[in-house]
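For reference, the structure discussed in these notes is given below.
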Amino acid sequence: MNEPKKLHEEKAEGKTIGDFVAEDYRSAGVFEKYGIDFCCGGNVAFSAACRQKGVDPTQILQEIEAAKTEPVARSENFAAWELPFLADYIVTVHHGYIKENIGQIVSHTRKIAEVHGPRHPELTEIAALFDRVAADLTAHLREEEEIFFPALKQADSARTAGKKLEQQDADAMRRNLEILRREHEEVGDRVHAIRRLAKDFAVPGDACNTYTVTYKKLKEFEDDLHKHVHLENNILFLKAERYLVPPRA
Ligand SMILES: [Fe+2]
Ligand SMILES: [Fe+2]
């Protein structure tokens, strides 16, 4: 006779980390606590992610249930927002954050690599990686703002008017979303490499103020990027795929 399924097996069956977070953003805090990536690595199955981190899935599910009892403000219920509003929010809040901060972080990472590089060679690697992140993200934001988000908004207003996307436009949109997701993964990998090199941003004893501020900013940058990519991969793009793009003929 088959054993009855445990609570966690039933609740998590077929679900990815991204599904949990898209369903309820409050679960992100639980995944963060256990070091489970919910944005760039959000398409990993829940059970596989728990196995990788050696954590008990039942414990995590209980904590998620507990987190869900905290009140959620309408202002943070991103999944309930209309697509154009969500796209504008991402541009204003998260693209805005990157544009305001990226130049300063580039110059700080270069500066501390120059001054402290001889004693802390990882800083040279961090500066090179962040230069690449800055260049890639600058191009990525431009693509989203000038091409992809306007296309999503246009398709959304066509849907509201009762029109369906032509198959070729739907295929193009699907391909574009794949490109954007791949770019998120590449940037996410570099940002995670920075965190590993910086040993989770633990500041060494001989660090100067700029060193300390740079590590704080790098951590803040990573946190903001996680939220940003989560909103795009797990909410905005999923909405687009579910509501705008007809299934392949
Ligand atoms: Fe973005
Ligand atoms: Fe993006």
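We name chains A, B, ... following the order of the structure tokens; residues begin at 1 in each chain, and ligands are numbered from 1 as shown.
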Using only C-alpha atoms and all ligand atoms, which protein or nucleic acid residues are at most 10 Å from ligand 2, as a PDB file with C-alpha atoms, in the first residue's frame?
```
ATOM      1  CA  ILE A  90       9.511  48.360 -11.905  1.00  0.00           C
ATOM      2  CA  VAL A  91      10.937  51.118 -14.096  1.00  0.00           C
ATOM      3  CA  HIS A  94      14.071  49.389  -9.533  1.00  0.00           C
ATOM      4  CA  HIS A  95      15.465  50.813 -12.771  1.00  0.00           C
ATOM      5  CA  LEU A 137      22.434  46.054 -16.887  1.00  0.00           C
ATOM      6  CA  HIS A 140      19.287  45.457 -20.401  1.00  0.00           C
ATOM      7  CA  LEU A 141      17.316  48.324 -18.821  1.00  0.00           C
ATOM      8  CA  ARG A 142      17.359  50.198 -22.107  1.00  0.00           C
ATOM      9  CA  GLU A 143      15.984  47.167 -23.977  1.00  0.00           C
ATOM     10  CA  GLU A 144      13.229  46.748 -21.403  1.00  0.00           C
ATOM     11  CA  GLU A 145      12.263  50.416 -21.321  1.00  0.00           C
ATOM     12  CA  PHE A 148      10.026  45.096 -24.381  1.00  0.00           C
ATOM     13  CA  PHE A 149       7.886  46.863 -21.800  1.00  0.00           C
ATOM     14  CA  LEU A 177      10.973  36.934 -22.659  1.00  0.00           C
ATOM     15  CA  ILE A 179      16.233  36.489 -23.804  1.00  0.00           C
ATOM     16  CA  LEU A 180      15.398  38.724 -20.849  1.00  0.00           C
ATOM     17  CA  ARG A 181      15.270  35.742 -18.472  1.00  0.00           C
ATOM     18  CA  ARG A 182      18.663  34.555 -19.742  1.00  0.00           C
ATOM     19  CA  GLU A 183      20.138  38.018 -19.195  1.00  0.00           C
ATOM     20  CA  HIS A 184      18.745  38.002 -15.638  1.00  0.00           C
ATOM     21  CA  GLU A 185      20.502  34.703 -15.002  1.00  0.00           C
ATOM     22  CA  VAL A 187      23.675  39.164 -14.185  1.00  0.00           C
ATOM     23  CA  LEU A 225      18.181  43.246  -7.845  1.00  0.00           C
ATOM     24  CA  HIS A 228      13.515  43.534  -9.281  1.00  0.00           C
ATOM     25  CA  VAL A 229      14.198  40.239 -11.060  1.00  0.00           C
ATOM     26  CA  HIS A 230      11.557  38.469  -8.999  1.00  0.00           C
ATOM     27  CA  LEU A 231       8.922  41.024 -10.062  1.00  0.00           C
ATOM     28  CA  GLU A 232       9.890  40.547 -13.697  1.00  0.00           C
ATOM     29  CA  ASN A 233      10.480  36.771 -13.917  1.00  0.00           C
ATOM     30  CA  PHE A 237       6.611  37.865 -17.481  1.00  0.00           C
TER      31      PHE A 237
END
```
As number ranges by chain, please: all residues of region 42-210 of chain A that backbone DSSP puts in helix (DSSP H, G or I). A: 46-53, 57-68, 74-76, 78-80, 83-116, 122-160, 167-197, 209-210
Can you tell me how far CA of Cys208 (chain A) sits from CA of Val115 (chain A), in Å to one decimal? 9.8 Å
Mind checking which residues fall within 12 Å of Glu76 (chain A), counting only C-alpha atoms, ignoring those fewer than 6 positions away in the same chain, and posting them as a list in words? Ala22, Asp24, Tyr25, Arg26, Leu86, Tyr89, Lys227 and Leu231 of chain A
Selection above as a file: N, CA and C atoms, as an mmCIF file, in the first residue's frame:
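File produced: result.cif:
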```
data_model
loop_
_atom_site.group_PDB
_atom_site.id
_atom_site.type_symbol
_atom_site.label_atom_id
_atom_site.label_comp_id
_atom_site.auth_asym_id
_atom_site.auth_seq_id
_atom_site.Cartn_x
_atom_site.Cartn_y
_atom_site.Cartn_z
ATOM 1 N N ALA A 22 5.545 34.157 -6.205
ATOM 2 C CA ALA A 22 4.569 34.889 -7.022
ATOM 3 C C ALA A 22 3.191 34.833 -6.367
ATOM 4 N N ASP A 24 2.596 34.527 -3.117
ATOM 5 C CA ASP A 24 2.585 35.362 -1.915
ATOM 6 C C ASP A 24 4.000 35.829 -1.604
ATOM 7 N N TYR A 25 4.211 37.120 -1.736
ATOM 8 C CA TYR A 25 5.560 37.667 -1.609
ATOM 9 C C TYR A 25 6.143 37.455 -0.213
ATOM 10 N N ARG A 26 5.274 37.244 0.773
ATOM 11 C CA ARG A 26 5.777 37.075 2.134
ATOM 12 C C ARG A 26 6.638 35.812 2.270
ATOM 13 N N LEU A 86 2.379 47.608 -13.120
ATOM 14 C CA LEU A 86 3.528 46.864 -12.600
ATOM 15 C C LEU A 86 4.792 47.212 -13.394
ATOM 16 N N TYR A 89 5.944 50.590 -12.349
ATOM 17 C CA TYR A 89 6.494 50.530 -10.991
ATOM 18 C C TYR A 89 7.939 50.021 -11.039
ATOM 19 N N LYS A 227 14.691 41.642 -5.756
ATOM 20 C CA LYS A 227 13.273 42.026 -5.810
ATOM 21 C C LYS A 227 12.873 42.355 -7.242
ATOM 22 N N LEU A 231 10.127 40.393 -9.518
ATOM 23 C CA LEU A 231 8.922 41.024 -10.062
ATOM 24 C C LEU A 231 8.808 40.784 -11.562
#
```
Region 22-133 of chain A residues near region 156-163 of chain A within 10 Å, closest pair each, using only C-alpha atoms, as CSV:
```
residue,atom,partner,partner_atom,distance
A:Glu82,CA,A:Asp156,CA,9.2
A:Leu83,CA,A:Asp156,CA,7.3
A:Pro84,CA,A:Asp156,CA,7.6
```
Those selected residues, please, written with N, CA, C and O atoms and delivered as a PDB file, in the first residue's frame.
```pdb
ATOM      1  N   GLU A  82      -2.345  45.511 -12.241  1.00  0.00           N
ATOM      2  CA  GLU A  82      -2.462  45.428 -13.703  1.00  0.00           C
ATOM      3  C   GLU A  82      -1.063  45.483 -14.313  1.00  0.00           C
ATOM      4  O   GLU A  82      -0.164  46.162 -13.774  1.00  0.00           O
ATOM      5  N   LEU A  83      -0.897  44.804 -15.442  1.00  0.00           N
ATOM      6  CA  LEU A  83       0.432  44.712 -16.065  1.00  0.00           C
ATOM      7  C   LEU A  83       1.093  46.077 -16.344  1.00  0.00           C
ATOM      8  O   LEU A  83       2.262  46.268 -15.994  1.00  0.00           O
ATOM      9  N   PRO A  84       0.375  47.054 -16.933  1.00  0.00           N
ATOM     10  CA  PRO A  84       1.066  48.321 -17.237  1.00  0.00           C
ATOM     11  C   PRO A  84       1.546  49.050 -15.974  1.00  0.00           C
ATOM     12  O   PRO A  84       2.630  49.629 -15.954  1.00  0.00           O
TER      13      PRO A  84
END
```
Have a look at A:Glu100, A:Asp19, A:Asp136, A:Asp189 and name the one nearest to Ala45 (chain A); count only C-alpha atoms. A:Asp19
Across A:Gln104, A:Asn209, A:Gln167, A:Thr92, the smallest distance to ligand 1, with only C-alpha atoms and all ligand atoms counted, is shown by A:Thr92
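Among A:Ser27, A:Thr69, A:Thr58, A:Asn101, the residue with the shortest atom-to-atom distance to Asp224 (chain A), counting only C-alpha atoms, is A:Asn101.
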Using only C-alpha atoms, determine which residues lie at most 9 Å from Ile105 (chain A), disregarding the query and same-chain residues fewer than 2 positions distant; provide the list as a PyMOL selection string. chain A and resi 101-103+107-110+130+214+217-218+221
Would you save the residues from that selection as a PDB file, in the first residue's frame, using N, CA, C and O atoms?
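Writing the result to selection.pdb gives the following:
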```pdb
ATOM      1  N   ASN A 101      22.450  54.555  -8.574  1.00  0.00           N
ATOM      2  CA  ASN A 101      23.538  54.019  -7.750  1.00  0.00           C
ATOM      3  C   ASN A 101      24.694  53.376  -8.490  1.00  0.00           C
ATOM      4  O   ASN A 101      25.779  53.234  -7.934  1.00  0.00           O
ATOM      5  N   ILE A 102      24.449  52.990  -9.734  1.00  0.00           N
ATOM      6  CA  ILE A 102      25.448  52.153 -10.399  1.00  0.00           C
ATOM      7  C   ILE A 102      26.800  52.869 -10.604  1.00  0.00           C
ATOM      8  O   ILE A 102      27.865  52.275 -10.393  1.00  0.00           O
ATOM      9  N   GLY A 103      26.745  54.143 -10.955  1.00  0.00           N
ATOM     10  CA  GLY A 103      27.978  54.891 -11.218  1.00  0.00           C
ATOM     11  C   GLY A 103      28.831  54.986  -9.960  1.00  0.00           C
ATOM     12  O   GLY A 103      30.053  54.775  -9.996  1.00  0.00           O
ATOM     13  N   SER A 107      32.611  53.327  -9.282  1.00  0.00           N
ATOM     14  CA  SER A 107      33.822  54.068  -8.914  1.00  0.00           C
ATOM     15  C   SER A 107      34.345  53.624  -7.544  1.00  0.00           C
ATOM     16  O   SER A 107      35.558  53.557  -7.341  1.00  0.00           O
ATOM     17  N   HIS A 108      33.457  53.260  -6.630  1.00  0.00           N
ATOM     18  CA  HIS A 108      33.932  52.777  -5.321  1.00  0.00           C
ATOM     19  C   HIS A 108      34.618  51.421  -5.408  1.00  0.00           C
ATOM     20  O   HIS A 108      35.636  51.198  -4.760  1.00  0.00           O
ATOM     21  N   THR A 109      34.056  50.502  -6.209  1.00  0.00           N
ATOM     22  CA  THR A 109      34.705  49.179  -6.288  1.00  0.00           C
ATOM     23  C   THR A 109      36.083  49.318  -6.945  1.00  0.00           C
ATOM     24  O   THR A 109      37.042  48.667  -6.527  1.00  0.00           O
ATOM     25  N   ARG A 110      36.186  50.214  -7.934  1.00  0.00           N
ATOM     26  CA  ARG A 110      37.500  50.422  -8.571  1.00  0.00           C
ATOM     27  C   ARG A 110      38.488  51.028  -7.573  1.00  0.00           C
ATOM     28  O   ARG A 110      39.644  50.649  -7.503  1.00  0.00           O
ATOM     29  N   PHE A 130      31.846  43.806 -11.278  1.00  0.00           N
ATOM     30  CA  PHE A 130      30.810  44.840 -11.173  1.00  0.00           C
ATOM     31  C   PHE A 130      30.795  45.733 -12.421  1.00  0.00           C
ATOM     32  O   PHE A 130      29.723  46.170 -12.857  1.00  0.00           O
ATOM     33  N   THR A 214      31.223  50.576   0.450  1.00  0.00           N
ATOM     34  CA  THR A 214      31.092  49.832  -0.801  1.00  0.00           C
ATOM     35  C   THR A 214      30.432  48.479  -0.562  1.00  0.00           C
ATOM     36  O   THR A 214      29.536  48.066  -1.310  1.00  0.00           O
ATOM     37  N   LYS A 217      26.803  48.983   0.048  1.00  0.00           N
ATOM     38  CA  LYS A 217      26.090  49.301  -1.200  1.00  0.00           C
ATOM     39  C   LYS A 217      25.958  48.051  -2.080  1.00  0.00           C
ATOM     40  O   LYS A 217      24.940  47.852  -2.726  1.00  0.00           O
ATOM     41  N   LEU A 218      27.002  47.220  -2.115  1.00  0.00           N
ATOM     42  CA  LEU A 218      26.921  46.000  -2.927  1.00  0.00           C
ATOM     43  C   LEU A 218      25.822  45.082  -2.402  1.00  0.00           C
ATOM     44  O   LEU A 218      25.092  44.462  -3.169  1.00  0.00           O
ATOM     45  N   PHE A 221      22.543  46.631  -3.321  1.00  0.00           N
ATOM     46  CA  PHE A 221      22.337  46.457  -4.762  1.00  0.00           C
ATOM     47  C   PHE A 221      21.814  45.048  -5.057  1.00  0.00           C
ATOM     48  O   PHE A 221      20.874  44.860  -5.832  1.00  0.00           O
TER      49      PHE A 221
END
```
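CA of His192 (chain A) is found 10.0 Å from CA of Asp37 (chain A).
Closest to ligand 1 among A:Ile60, A:Ile98, A:Leu165, A:Ala66 is A:Ile98, based on only C-alpha atoms and all ligand atoms.
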Surrounding residues of Leu129 (chain A) excluding itself and chain neighbours under 5 positions, 9 Å, only C-alpha atoms, as an NGL selection string: :A and (124 or 134 or 190-191 or 193-194)
Okay, now the selection with N, CA and C atoms, as an mmCIF file, in the first residue's frame?
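Everything below was put into again.cif:
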```cif
data_model
loop_
_atom_site.group_PDB
_atom_site.id
_atom_site.type_symbol
_atom_site.label_atom_id
_atom_site.label_comp_id
_atom_site.auth_asym_id
_atom_site.auth_seq_id
_atom_site.Cartn_x
_atom_site.Cartn_y
_atom_site.Cartn_z
ATOM 1 N N THR A 124 39.968 43.162 -6.750
ATOM 2 C CA THR A 124 40.209 43.419 -8.180
ATOM 3 C C THR A 124 39.188 42.638 -9.016
ATOM 4 N N ALA A 134 27.465 46.363 -14.519
ATOM 5 C CA ALA A 134 26.983 47.711 -14.837
ATOM 6 C C ALA A 134 26.742 47.856 -16.340
ATOM 7 N N ARG A 190 26.744 36.742 -11.838
ATOM 8 C CA ARG A 190 27.881 37.627 -11.519
ATOM 9 C C ARG A 190 27.717 38.247 -10.138
ATOM 10 N N VAL A 191 26.483 38.658 -9.828
ATOM 11 C CA VAL A 191 26.237 39.277 -8.520
ATOM 12 C C VAL A 191 26.466 38.247 -7.394
ATOM 13 N N ALA A 193 28.553 35.765 -7.629
ATOM 14 C CA ALA A 193 30.013 35.571 -7.574
ATOM 15 C C ALA A 193 30.654 36.683 -6.741
ATOM 16 N N ILE A 194 30.128 37.901 -6.873
ATOM 17 C CA ILE A 194 30.651 39.019 -6.070
ATOM 18 C C ILE A 194 30.446 38.726 -4.583
#
```
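Of the listed residues A:Cys39, A:Ala135, A:Val44, A:Ala155, the one whose atoms come nearest to Ala170 (chain A) is A:Ala155, with distances taken using only C-alpha atoms.
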